[in-house]
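Asks: Handing you a structure now.
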Amino acid sequence: MKGQRGFFPRSSSPAKPDAMHDIAKILSDLSHVYAQSVARLREDIARFAEDGALPPASRRHDGSYCYPELRIRLASEPDNVSTGRSFGRLTQRGTYACTVTRPDLFADYLAEQLELICGGYEVSVTVAASRQEIPFPYVLDGASAAQIGKVTPQELARHFPATELAHIGDEIADGDYLTGDGPLPLSLFDGLRTDFSLARLAHYTGTRPEDFQKYVLFTNYHRYVDEFVDWAARQLDGEAYVALSGAGGLYLDAHTDDARARLSDTAWRRHQMPAYHLIAPDKSGITLVNIGVGPSNAKTICDHLAVLRPEAWLMIGHCGGLRPTQKIGDYVLAHAYLRDDHVLDPVLPPEIPIPAIAEVQVALAQAAEMVSGSGGADLKTRMRTGTIVTTDDRNWELRISQTAKRLSLSRAVGIDMESATIAGQGYRFRVPYGTLLCVSDKPIHGEIKLPGQANRFYEEAIAGHLAIGTTTCALLKAQGARLHSRKLRAFNEPPFR
């Protein structure tokens, strides 16, 4: 099955009837199989590194190094009555399967999905080792890596499962897969694809995957990090929010003033897209990622964050204002996107419309009213709603004579290099998305960024802009499952969100 290549399920016995819908037991079984595979792989690597002992040949054929597989079987045709949910639905009779990594990290997510399916359908559930092997780089933590000494990755790859990129893909998310005689996909991502992204998240953001929260803010300007860290550290109360962690080793677990002074000056140099996490006990807090500039970065971070299945992600960066009545520091609420970023064209052609998510749009507008203290016509003097152009050309201004008509036809009110990519990735990976930008310059109207320019109105707008983003997250959290629009779901959709 494309999208889960290298996955050849082993036969397993059906679950006992009295345990069939015991979610805790299912999660425990997943953890047990995963822990056994990881421990066995680590032990064999350590022996090889110590004295050159080769692993038993059977290891590569009997599932010893493999991810656990979760299978759900529906024996009868479902009635397909609308539940109003965008996920947790079985649309046809058959067996659904996926491999799972890090069951501890995904326990709450898996429990939610299983409760919906087991509570709504007469299904059988089984857990067993799959035939999809765990690549050795994903099990070598700091202690394990120290043990292997001078053994090279090339030597390990000769005897242990390695990262085969040909086996990793997004065919399920992109609807480009054939099940044949195999099981139907249960989730958008299998264990191999997930582990690939968890490793990349740690690399790019300088933070642990465990610290990422369910609501994500993206920005393209470092000053938002200062504001977020200051604000987040003041929210720490030991109950609603228990810690603030971030790139460069930032970690606070008590109310702190002027927390930006704790930021590492080297985080940006060491990590391409540093992240900062206001941690809630149930992971319902807020993560801020400074993704830098450009659609490539925007695609990269979303490719990897998507495996964590966040509840929503929002862009709160900067843009160029395209209307003469706009002022520096004004806001733009995107309700449409002109996609000139091109980075997603092979998997999401530009003629595919990216719809605004009503629930997110309403929350952003409501948050803007709450933070600004104004609404209606008053708010419209500070915030425009319209089309955002996302370009892959940082010097688009040099081609304005060729692009002016296209910008005019689109009725665009702002231009940036990330927003449409983030929205497109949200659409592609079924993650609710939204965009509220702040006007930082107006190039076609002669208001450009100058060295040393300090526009006080613009500087003050950053704090307000961030407050709108964090308030929006709180409003979206209150919506619960209603946030997940069915307009993001495809015809042949996997049951898991």
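Here, A, B, ... name the chains of the structure tokens in the order displayed, residue numbers run from 1 inside each chain, and ligands are numbered from 1 in the same displayed order.
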If we count only C-alpha atoms, what is near stretch 384-393 of chain A at a cut-off of 6 Å, once residues fewer than 6 positions away on the same chain are taken out, given as an mmCIF file with C-alpha atoms, in the first residue's frame?
Replies:
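Okay, this is what ended up in selection-v1.cif:
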data_model
loop_
_atom_site.group_PDB
_atom_site.id
_atom_site.type_symbol
_atom_site.label_atom_id
_atom_site.label_comp_id
_atom_site.auth_asym_id
_atom_site.auth_seq_id
_atom_site.Cartn_x
_atom_site.Cartn_y
_atom_site.Cartn_z
ATOM 1 C CA VAL A 332 -5.149 42.111 7.566
ATOM 2 C CA LEU A 333 -7.499 39.156 8.133
ATOM 3 C CA ALA A 334 -7.099 36.784 5.192
ATOM 4 C CA HIS A 335 -10.277 35.347 3.750
ATOM 5 C CA ALA A 336 -8.638 34.156 0.532
ATOM 6 C CA TYR A 337 -5.169 33.398 -0.787
ATOM 7 C CA LEU A 338 -3.465 34.007 -4.124
ATOM 8 C CA ARG A 339 -0.878 31.238 -4.223
ATOM 9 C CA ASP A 340 2.264 32.418 -5.970
ATOM 10 C CA ASP A 341 4.493 30.479 -3.565
ATOM 11 C CA ALA A 412 -5.381 41.633 -2.711
ATOM 12 C CA VAL A 413 -4.864 43.756 0.389
ATOM 13 C CA GLY A 414 -1.546 42.318 1.546
ATOM 14 C CA ILE A 415 1.457 40.359 0.333
ATOM 15 C CA ASP A 416 3.820 38.027 2.202
ATOM 16 C CA MET A 417 5.884 34.876 1.675
ATOM 17 C CA ALA A 420 -0.853 30.810 1.663
#
Asks: DSSP on the backbone: which residues in stretch 224-380 of chain A end up as strand (DSSP E or B)? Give the answer as a PDB file with N, CA, C and O atoms, in the first residue's frame.
Replies:
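Okay, selection-v4.pdb is ready:
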ATOM      1  N   ALA A 243       4.467  25.302  32.530  1.00  0.00           N
ATOM      2  CA  ALA A 243       5.861  25.550  32.164  1.00  0.00           C
ATOM      3  C   ALA A 243       5.930  26.318  30.853  1.00  0.00           C
ATOM      4  O   ALA A 243       4.979  26.325  30.052  1.00  0.00           O
ATOM      5  N   LEU A 244       7.063  26.978  30.660  1.00  0.00           N
ATOM      6  CA  LEU A 244       7.401  27.609  29.383  1.00  0.00           C
ATOM      7  C   LEU A 244       8.756  27.060  28.976  1.00  0.00           C
ATOM      8  O   LEU A 244       9.740  27.202  29.705  1.00  0.00           O
ATOM      9  N   SER A 245       8.813  26.388  27.829  1.00  0.00           N
ATOM     10  CA  SER A 245      10.083  25.857  27.344  1.00  0.00           C
ATOM     11  C   SER A 245      10.369  26.439  25.970  1.00  0.00           C
ATOM     12  O   SER A 245       9.452  26.874  25.262  1.00  0.00           O
ATOM     13  N   GLY A 246      11.643  26.441  25.586  1.00  0.00           N
ATOM     14  CA  GLY A 246      11.979  27.016  24.300  1.00  0.00           C
ATOM     15  C   GLY A 246      13.379  26.676  23.853  1.00  0.00           C
ATOM     16  O   GLY A 246      14.183  26.087  24.597  1.00  0.00           O
ATOM     17  N   LEU A 250      15.657  27.284  27.221  1.00  0.00           N
ATOM     18  CA  LEU A 250      14.728  28.047  28.061  1.00  0.00           C
ATOM     19  C   LEU A 250      13.745  27.111  28.758  1.00  0.00           C
ATOM     20  O   LEU A 250      13.123  26.273  28.115  1.00  0.00           O
ATOM     21  N   TYR A 251      13.630  27.250  30.075  1.00  0.00           N
ATOM     22  CA  TYR A 251      12.628  26.484  30.812  1.00  0.00           C
ATOM     23  C   TYR A 251      12.272  27.232  32.086  1.00  0.00           C
ATOM     24  O   TYR A 251      13.123  27.488  32.941  1.00  0.00           O
ATOM     25  N   LEU A 252      11.007  27.615  32.203  1.00  0.00           N
ATOM     26  CA  LEU A 252      10.491  28.297  33.383  1.00  0.00           C
ATOM     27  C   LEU A 252       9.260  27.547  33.861  1.00  0.00           C
ATOM     28  O   LEU A 252       8.438  27.107  33.051  1.00  0.00           O
ATOM     29  N   ALA A 275      11.360  27.319  18.465  1.00  0.00           N
ATOM     30  CA  ALA A 275       9.996  27.234  18.973  1.00  0.00           C
ATOM     31  C   ALA A 275       9.964  27.511  20.468  1.00  0.00           C
ATOM     32  O   ALA A 275      10.953  27.294  21.188  1.00  0.00           O
ATOM     33  N   TYR A 276       8.788  27.963  20.933  1.00  0.00           N
ATOM     34  CA  TYR A 276       8.581  28.301  22.342  1.00  0.00           C
ATOM     35  C   TYR A 276       7.190  27.806  22.726  1.00  0.00           C
ATOM     36  O   TYR A 276       6.224  28.050  22.008  1.00  0.00           O
ATOM     37  N   HIS A 277       7.105  27.125  23.875  1.00  0.00           N
ATOM     38  CA  HIS A 277       5.886  26.401  24.227  1.00  0.00           C
ATOM     39  C   HIS A 277       5.363  26.825  25.597  1.00  0.00           C
ATOM     40  O   HIS A 277       6.065  26.669  26.604  1.00  0.00           O
ATOM     41  N   LEU A 278       4.144  27.346  25.637  1.00  0.00           N
ATOM     42  CA  LEU A 278       3.434  27.575  26.886  1.00  0.00           C
ATOM     43  C   LEU A 278       2.647  26.300  27.163  1.00  0.00           C
ATOM     44  O   LEU A 278       1.640  26.028  26.510  1.00  0.00           O
ATOM     45  N   ILE A 279       3.119  25.519  28.119  1.00  0.00           N
ATOM     46  CA  ILE A 279       2.680  24.140  28.285  1.00  0.00           C
ATOM     47  C   ILE A 279       1.513  24.037  29.265  1.00  0.00           C
ATOM     48  O   ILE A 279       1.592  24.511  30.404  1.00  0.00           O
ATOM     49  N   ILE A 286      -0.114  26.765  24.043  1.00  0.00           N
ATOM     50  CA  ILE A 286       0.199  27.445  22.783  1.00  0.00           C
ATOM     51  C   ILE A 286       1.677  27.295  22.478  1.00  0.00           C
ATOM     52  O   ILE A 286       2.532  27.495  23.350  1.00  0.00           O
ATOM     53  N   THR A 287       1.971  26.961  21.247  1.00  0.00           N
ATOM     54  CA  THR A 287       3.342  26.928  20.731  1.00  0.00           C
ATOM     55  C   THR A 287       3.520  28.060  19.736  1.00  0.00           C
ATOM     56  O   THR A 287       2.672  28.267  18.871  1.00  0.00           O
ATOM     57  N   LEU A 288       4.613  28.791  19.863  1.00  0.00           N
ATOM     58  CA  LEU A 288       4.979  29.825  18.892  1.00  0.00           C
ATOM     59  C   LEU A 288       6.240  29.379  18.175  1.00  0.00           C
ATOM     60  O   LEU A 288       7.227  29.003  18.816  1.00  0.00           O
ATOM     61  N   VAL A 289       6.214  29.410  16.838  1.00  0.00           N
ATOM     62  CA  VAL A 289       7.390  29.060  16.044  1.00  0.00           C
ATOM     63  C   VAL A 289       7.747  30.239  15.155  1.00  0.00           C
ATOM     64  O   VAL A 289       6.905  30.727  14.393  1.00  0.00           O
ATOM     65  N   ASN A 290       8.985  30.699  15.285  1.00  0.00           N
ATOM     66  CA  ASN A 290       9.487  31.748  14.397  1.00  0.00           C
ATOM     67  C   ASN A 290      10.049  31.057  13.156  1.00  0.00           C
ATOM     68  O   ASN A 290      11.174  30.554  13.156  1.00  0.00           O
ATOM     69  N   ALA A 312      -5.123  23.430  15.670  1.00  0.00           N
ATOM     70  CA  ALA A 312      -5.169  24.544  14.710  1.00  0.00           C
ATOM     71  C   ALA A 312      -3.798  25.178  14.637  1.00  0.00           C
ATOM     72  O   ALA A 312      -3.008  25.101  15.593  1.00  0.00           O
ATOM     73  N   TRP A 313      -3.505  25.814  13.485  1.00  0.00           N
ATOM     74  CA  TRP A 313      -2.322  26.667  13.400  1.00  0.00           C
ATOM     75  C   TRP A 313      -2.674  27.967  12.707  1.00  0.00           C
ATOM     76  O   TRP A 313      -3.507  28.016  11.794  1.00  0.00           O
ATOM     77  N   LEU A 314      -2.077  29.054  13.193  1.00  0.00           N
ATOM     78  CA  LEU A 314      -2.401  30.404  12.741  1.00  0.00           C
ATOM     79  C   LEU A 314      -1.126  31.142  12.382  1.00  0.00           C
ATOM     80  O   LEU A 314      -0.118  31.046  13.080  1.00  0.00           O
ATOM     81  N   MET A 315      -1.184  31.910  11.310  1.00  0.00           N
ATOM     82  CA  MET A 315      -0.063  32.770  10.926  1.00  0.00           C
ATOM     83  C   MET A 315      -0.327  34.171  11.452  1.00  0.00           C
ATOM     84  O   MET A 315      -1.381  34.767  11.161  1.00  0.00           O
ATOM     85  N   HIS A 318       4.095  39.305   9.395  1.00  0.00           N
ATOM     86  CA  HIS A 318       4.069  40.621   8.763  1.00  0.00           C
ATOM     87  C   HIS A 318       3.732  40.511   7.289  1.00  0.00           C
ATOM     88  O   HIS A 318       3.948  39.472   6.665  1.00  0.00           O
ATOM     89  N   CYS A 319       3.239  41.590   6.740  1.00  0.00           N
ATOM     90  CA  CYS A 319       2.956  41.629   5.309  1.00  0.00           C
ATOM     91  C   CYS A 319       3.166  43.050   4.787  1.00  0.00           C
ATOM     92  O   CYS A 319       3.234  44.008   5.557  1.00  0.00           O
ATOM     93  N   GLY A 320       3.267  43.131   3.484  1.00  0.00           N
ATOM     94  CA  GLY A 320       3.266  44.430   2.833  1.00  0.00           C
ATOM     95  C   GLY A 320       1.838  44.848   2.528  1.00  0.00           C
ATOM     96  O   GLY A 320       1.065  44.058   1.981  1.00  0.00           O
ATOM     97  N   GLY A 321       1.471  46.055   2.900  1.00  0.00           N
ATOM     98  CA  GLY A 321       0.134  46.554   2.599  1.00  0.00           C
ATOM     99  C   GLY A 321       0.037  46.990   1.138  1.00  0.00           C
ATOM    100  O   GLY A 321       0.962  47.619   0.612  1.00  0.00           O
ATOM    101  N   TYR A 331      -3.976  45.745  10.602  1.00  0.00           N
ATOM    102  CA  TYR A 331      -4.101  44.299  10.487  1.00  0.00           C
ATOM    103  C   TYR A 331      -4.805  43.903   9.195  1.00  0.00           C
ATOM    104  O   TYR A 331      -5.625  44.656   8.646  1.00  0.00           O
ATOM    105  N   VAL A 332      -4.484  42.692   8.727  1.00  0.00           N
ATOM    106  CA  VAL A 332      -5.149  42.111   7.566  1.00  0.00           C
ATOM    107  C   VAL A 332      -5.612  40.707   7.940  1.00  0.00           C
ATOM    108  O   VAL A 332      -4.801  39.849   8.292  1.00  0.00           O
ATOM    109  N   LEU A 333      -6.917  40.471   7.887  1.00  0.00           N
ATOM    110  CA  LEU A 333      -7.499  39.156   8.133  1.00  0.00           C
ATOM    111  C   LEU A 333      -7.746  38.498   6.777  1.00  0.00           C
ATOM    112  O   LEU A 333      -8.576  38.956   5.999  1.00  0.00           O
ATOM    113  N   ALA A 334      -7.003  37.429   6.501  1.00  0.00           N
ATOM    114  CA  ALA A 334      -7.099  36.784   5.192  1.00  0.00           C
ATOM    115  C   ALA A 334      -8.382  35.970   5.091  1.00  0.00           C
ATOM    116  O   ALA A 334      -8.674  35.147   5.957  1.00  0.00           O
ATOM    117  N   HIS A 335      -9.141  36.226   4.030  1.00  0.00           N
ATOM    118  CA  HIS A 335     -10.277  35.347   3.750  1.00  0.00           C
ATOM    119  C   HIS A 335     -10.097  34.597   2.432  1.00  0.00           C
ATOM    120  O   HIS A 335     -10.944  33.795   2.038  1.00  0.00           O
ATOM    121  N   ALA A 336      -8.992  34.870   1.756  1.00  0.00           N
ATOM    122  CA  ALA A 336      -8.638  34.156   0.532  1.00  0.00           C
ATOM    123  C   ALA A 336      -7.143  34.299   0.309  1.00  0.00           C
ATOM    124  O   ALA A 336      -6.492  35.174   0.897  1.00  0.00           O
ATOM    125  N   TYR A 337      -6.615  33.415  -0.544  1.00  0.00           N
ATOM    126  CA  TYR A 337      -5.169  33.398  -0.787  1.00  0.00           C
ATOM    127  C   TYR A 337      -4.896  33.288  -2.284  1.00  0.00           C
ATOM    128  O   TYR A 337      -5.508  32.472  -2.976  1.00  0.00           O
ATOM    129  N   LEU A 338      -3.979  34.132  -2.766  1.00  0.00           N
ATOM    130  CA  LEU A 338      -3.465  34.007  -4.124  1.00  0.00           C
ATOM    131  C   LEU A 338      -2.115  33.315  -4.003  1.00  0.00           C
ATOM    132  O   LEU A 338      -1.158  33.889  -3.477  1.00  0.00           O
ATOM    133  N   ARG A 339      -2.042  32.084  -4.479  1.00  0.00           N
ATOM    134  CA  ARG A 339      -0.878  31.238  -4.223  1.00  0.00           C
ATOM    135  C   ARG A 339       0.159  31.396  -5.336  1.00  0.00           C
ATOM    136  O   ARG A 339       0.099  30.726  -6.363  1.00  0.00           O
ATOM    137  N   ASP A 340       1.104  32.272  -5.090  1.00  0.00           N
ATOM    138  CA  ASP A 340       2.264  32.418  -5.970  1.00  0.00           C
ATOM    139  C   ASP A 340       3.528  31.912  -5.285  1.00  0.00           C
ATOM    140  O   ASP A 340       4.633  32.310  -5.627  1.00  0.00           O
TER     141      ASP A 340
END
Asks: Please identify the alpha helix (DSSP H) residues within stretch 50-168 of chain A (assignment by DSSP from backbone atoms) and present them as a list in words.
Replies: Glu50, Asp51, Ala107, Asp108, Tyr109, Leu110, Ala111, Glu112, Gln113, Leu114, Glu115, Leu116, Ile117, Cys118, Gly119, Gly120, Gly142, Ala143, Ser144, Ala145, Ala146, Gln147, Pro153, Gln154, Glu155, Leu156, Ala157, Arg158 and His159 of chain A
Asks: Tell me which protein, DNA and RNA residues are within 9 Å of A:Glu50, counting only C-alpha atoms, leaving out same-chain ones fewer than 3 positions away, and put them as a list in words.
Replies: Ile45, Ala46, Arg47, Ala53, Gln147, Ile148 and Gly149 of chain A
Asks: Of the residues A:Ile422, A:Leu114, A:Val81, A:Ile444, which is the one nearest to A:Leu407, using only C-alpha atoms?
Replies: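 Smallest separation from A:Leu407 among the options: A:Ile444.
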Asks: Please provide the set of residues having any atom within 8 Å of stretch 359-372 of chain A, restricted to only C-alpha atoms, with same-chain residues fewer than 6 positions apart removed, written as a list in words.
Replies: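 Skipping anything fewer than 6 positions along the chain leaves Leu333, His335, Leu379, Pro432, Tyr433, Gly434, Leu436, Gly464, Ala467, Ile468, Gly469, Thr471, Thr472, Leu475, Leu476 and Leu483 of chain A.
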Asks: Per residue of stretch 336-357 of chain A within 12 Å of stretch 484-491 of chain A, note the shortest atom pair and the distance in Å to one decimal, counting only C-alpha atoms, and order the rows by chain and increasing residue number, as JSON lines.
Replies:
{"residue": "A:Pro353", "atom": "CA", "partner": "A:Leu488", "partner_atom": "CA", "distance": 11.4}
{"residue": "A:Ile354", "atom": "CA", "partner": "A:Leu488", "partner_atom": "CA", "distance": 9.4}
{"residue": "A:Pro355", "atom": "CA", "partner": "A:Lys487", "partner_atom": "CA", "distance": 8.2}
{"residue": "A:Ala356", "atom": "CA", "partner": "A:Lys487", "partner_atom": "CA", "distance": 9.8}
{"residue": "A:Ile357", "atom": "CA", "partner": "A:Ser485", "partner_atom": "CA", "distance": 7.2}
